[in-house]
$ cat protein00.txt   # compact mmCIF, C-alpha atoms
# COMPACT_ATOMS: atom_id res chain seq x y z
CA GLN C 1 196.39 169.12 219.82
CA VAL C 2 197.45 166.44 217.35
CA HIS C 3 196.65 166.50 213.65
CA LEU C 4 196.67 163.32 211.58
CA VAL C 5 196.91 163.07 207.81
CA GLU C 6 196.33 159.71 206.13
CA SER C 7 197.24 158.63 202.63
CA GLY C 8 197.53 155.53 200.50
CA GLY C 9 194.00 154.24 200.13
CA GLY C 10 192.50 153.24 196.81
CA LEU C 11 190.99 150.51 194.69
CA VAL C 12 192.75 147.18 194.40
CA GLN C 13 191.86 143.70 193.23
CA ALA C 14 191.56 140.84 195.67
CA GLY C 15 194.98 139.42 196.41
CA GLY C 16 196.66 142.75 195.86
CA SER C 17 198.48 145.08 198.23
CA LEU C 18 198.22 148.61 199.53
CA ARG C 19 200.26 150.67 201.96
CA LEU C 20 198.65 153.26 204.16
CA SER C 21 200.53 156.10 205.85
CA CYS C 22 199.52 158.40 208.67
CA ALA C 23 201.60 161.39 209.69
CA ALA C 24 201.03 163.07 213.04
CA SER C 25 201.85 166.68 213.80
CA GLY C 26 201.33 169.00 216.73
CA ILE C 27 202.10 168.27 220.36
CA ILE C 28 203.54 164.75 220.21
CA ARG C 29 204.47 163.12 223.50
CA SER C 30 207.14 160.47 223.23
CA SER C 31 205.02 157.73 224.83
CA ASN C 32 202.02 157.07 222.63
CA VAL C 33 200.05 154.54 220.63
CA MET C 34 199.19 154.89 216.97
CA GLY C 35 196.82 152.59 215.21
CA TRP C 36 194.55 151.84 212.31
CA TYR C 37 190.83 151.21 212.54
CA ARG C 38 188.37 150.51 209.78
CA GLN C 39 184.66 150.88 209.25
CA ALA C 40 182.75 148.95 206.65
CA PRO C 41 179.32 150.14 205.47
CA GLY C 42 176.70 149.36 208.09
CA LYS C 43 179.26 148.11 210.59
CA GLN C 44 180.97 149.51 213.65
CA ARG C 45 184.48 150.84 213.55
CA GLU C 46 186.95 148.13 214.52
CA LEU C 47 190.61 147.91 215.41
CA VAL C 48 192.88 146.65 212.63
CA ALA C 49 196.26 147.06 214.30
CA ASP C 50 198.10 149.36 216.64
CA ILE C 51 201.67 149.96 217.71
CA THR C 52 203.20 151.64 220.73
CA SER C 53 206.06 154.10 220.55
CA SER C 54 208.31 151.30 221.86
CA GLY C 55 207.26 149.01 219.02
CA SER C 56 204.76 146.63 220.61
CA THR C 57 202.09 145.61 218.12
CA ASN C 58 198.56 144.29 218.29
CA TYR C 59 196.50 142.91 215.40
CA ALA C 60 192.93 141.91 214.78
CA ASP C 61 192.70 138.16 214.17
CA SER C 62 191.24 138.78 210.72
CA VAL C 63 194.41 140.49 209.48
CA LYS C 64 197.15 138.54 211.22
CA GLY C 65 199.68 137.23 208.73
CA ARG C 66 198.48 139.61 206.01
CA PHE C 67 198.90 143.12 207.44
CA THR C 68 201.96 144.65 209.05
CA ILE C 69 201.97 147.82 211.11
CA SER C 70 205.16 149.81 211.57
CA ARG C 71 206.19 153.30 212.55
CA ASP C 72 208.94 155.85 212.18
CA ASN C 73 209.14 157.77 215.46
CA ALA C 74 211.46 160.38 213.98
CA LYS C 75 208.74 161.24 211.45
CA ASN C 76 205.77 160.60 213.78
CA THR C 77 204.39 158.38 211.06
CA VAL C 78 202.66 155.03 211.18
CA TYR C 79 202.30 152.66 208.24
CA LEU C 80 200.02 149.77 207.45
CA GLN C 81 201.22 147.34 204.80
CA MET C 82 198.25 145.33 203.60
CA ASN C 83 198.89 142.19 201.56
CA SER C 84 196.62 139.46 200.25
CA LEU C 85 193.69 141.84 200.43
CA LYS C 86 190.18 140.41 200.52
CA SER C 87 186.83 141.97 199.68
CA GLU C 88 185.98 142.00 203.37
CA ASP C 89 188.89 144.39 203.96
CA THR C 90 186.90 147.07 202.16
CA GLY C 91 186.08 150.10 204.27
CA VAL C 92 187.24 153.48 205.44
CA TYR C 93 190.51 153.22 207.31
CA TYR C 94 191.13 155.69 210.11
CA CYS C 95 194.35 156.50 211.89
CA LYS C 96 194.22 157.05 215.64
CA PHE C 97 196.71 158.66 217.98
CA LYS C 98 196.65 158.43 221.75
CA THR C 99 199.14 159.71 224.25
CA ALA C 100 199.92 157.20 226.99
CA GLY C 101 197.92 158.01 230.09
CA SER C 102 195.63 160.44 228.29
CA TRP C 103 191.89 160.06 227.92
CA ARG C 104 191.78 161.78 224.56
CA ASP C 105 191.93 160.09 221.16
CA TYR C 106 192.79 161.89 217.95
CA TRP C 107 191.49 160.63 214.62
CA GLY C 108 192.41 161.20 211.02
CA GLN C 109 189.87 162.00 208.34
CA GLY C 110 189.88 158.46 206.95
CA THR C 111 190.99 156.94 203.67
CA GLN C 112 188.88 154.63 201.53
CA VAL C 113 190.12 151.14 200.73
CA THR C 114 188.11 149.16 198.21
CA VAL C 115 188.97 145.59 197.33
CA SER C 116 187.23 144.21 194.27
CA SER C 117 186.65 140.50 193.98
$ encode --input "protein00.txt" --output "structure tokens"
Amino acid sequence: QVHLVESGGGLVQAGGSLRLSCAASGIIRSSNVMGWYRQAPGKQRELVADITSSGSTNYADSVKGRFTISRDNAKNTVYLQMNSLKSEDTGVYYCKFKTAGSWRDYWGQGTQVTVSS
């Protein structure tokens, strides 16, 4: 079992910045992928960015150049630095953990990000 706790969401004006954190605890295998997804009202959940335990990253086109994902393997924590926020970035942001080779995904409870225009 893996438990994820997210923090860092909030209300920010367009053009502003926020930093999200997600700490994983439980049975953590060394080879894994952690990522951030978001869900806007009335829309499907979508990938924002993810990062492997070796540091390979993947970003949605809509956030490239504005968001940066990073992780601290010693703390089993993943971060999402969000800059130049836009109103369309508004949504609930969820952290996901997946062990390499496993079929099971673990999700955090979600943190609300609201960008006012």
$ atom_distance --input "protein00.txt" --atom1 "atom CA of C:Ala23" --atom2 "atom CA of C:Lys43"
26.0 Å
$ residues_around --input "protein00.txt" --residues "stretch 68-83 of chain C" --least-positions-apart "6" --cutoff "6 Å" --atoms "all atoms listed in the file" --output "VMD selection string"
chain C and resid 17 to 24
$ residues_around --input "protein00.txt" --residues "stretch 62-65 of chain C" --least-positions-apart "3" --cutoff "10 Å" --atoms "only C-alpha atoms" --output "count of residues only"
12
$ residues_near_point --input "protein00.txt" --point "(183.5, 147.2, 205.9)" --cutoff "6 Å" --atoms "only C-alpha atoms" --output "short mmCIF file (atom, residue, chain, number, x, y, z; two decimals) with C-alpha atoms, keeping the file's coordinate frame"
data_model
loop_
_atom_site.label_atom_id
_atom_site.label_comp_id
_atom_site.auth_asym_id
_atom_site.auth_seq_id
_atom_site.Cartn_x
_atom_site.Cartn_y
_atom_site.Cartn_z
CA GLN C 39 184.66 150.88 209.25
CA ALA C 40 182.75 148.95 206.65
CA PRO C 41 179.32 150.14 205.47
CA THR C 90 186.90 147.07 202.16
CA GLY C 91 186.08 150.10 204.27
#
$ closest_residue --input "protein00.txt" --among "C:Gly101, C:Gly55, C:Gly15, C:Gly110" --to "C:Arg38" --atoms "only C-alpha atoms"
C:Gly110
$ residues_near_point --input "protein00.txt" --point "(193.7, 153.3, 221.4)" --cutoff "12 Å" --atoms "all atoms listed in the file" --output "VMD selection string"
chain C and resid 32 to 37 46 to 52 57 to 58 94 to 107
$ atom_distance --input "protein00.txt" --atom1 "atom CA of C:Arg66" --atom2 "atom CA of C:Gly16"
10.8 Å
$ atom_distance --input "protein00.txt" --atom1 "atom CA of C:Gln112" --atom2 "atom CA of C:Glu6"
10.1 Å
$ closest_residue --input "protein00.txt" --among "C:Val2, C:Ile28, C:Ala60, C:Val92" --to "C:Gln44" --atoms "only C-alpha atoms"
C:Val92
$ residues_around --input "protein00.txt" --residues "C:Leu11" --least-positions-apart "6" --cutoff "7 Å" --atoms "all atoms listed in the file" --output "list of chain:residue names"
C:Val113, C:Thr114, C:Val115
$ closest_residue --input "protein00.txt" --among "C:Ser117, C:Ser7, C:Ser87, C:Ser53" --to "C:Arg29" --atoms "all atoms listed in the file"
C:Ser53
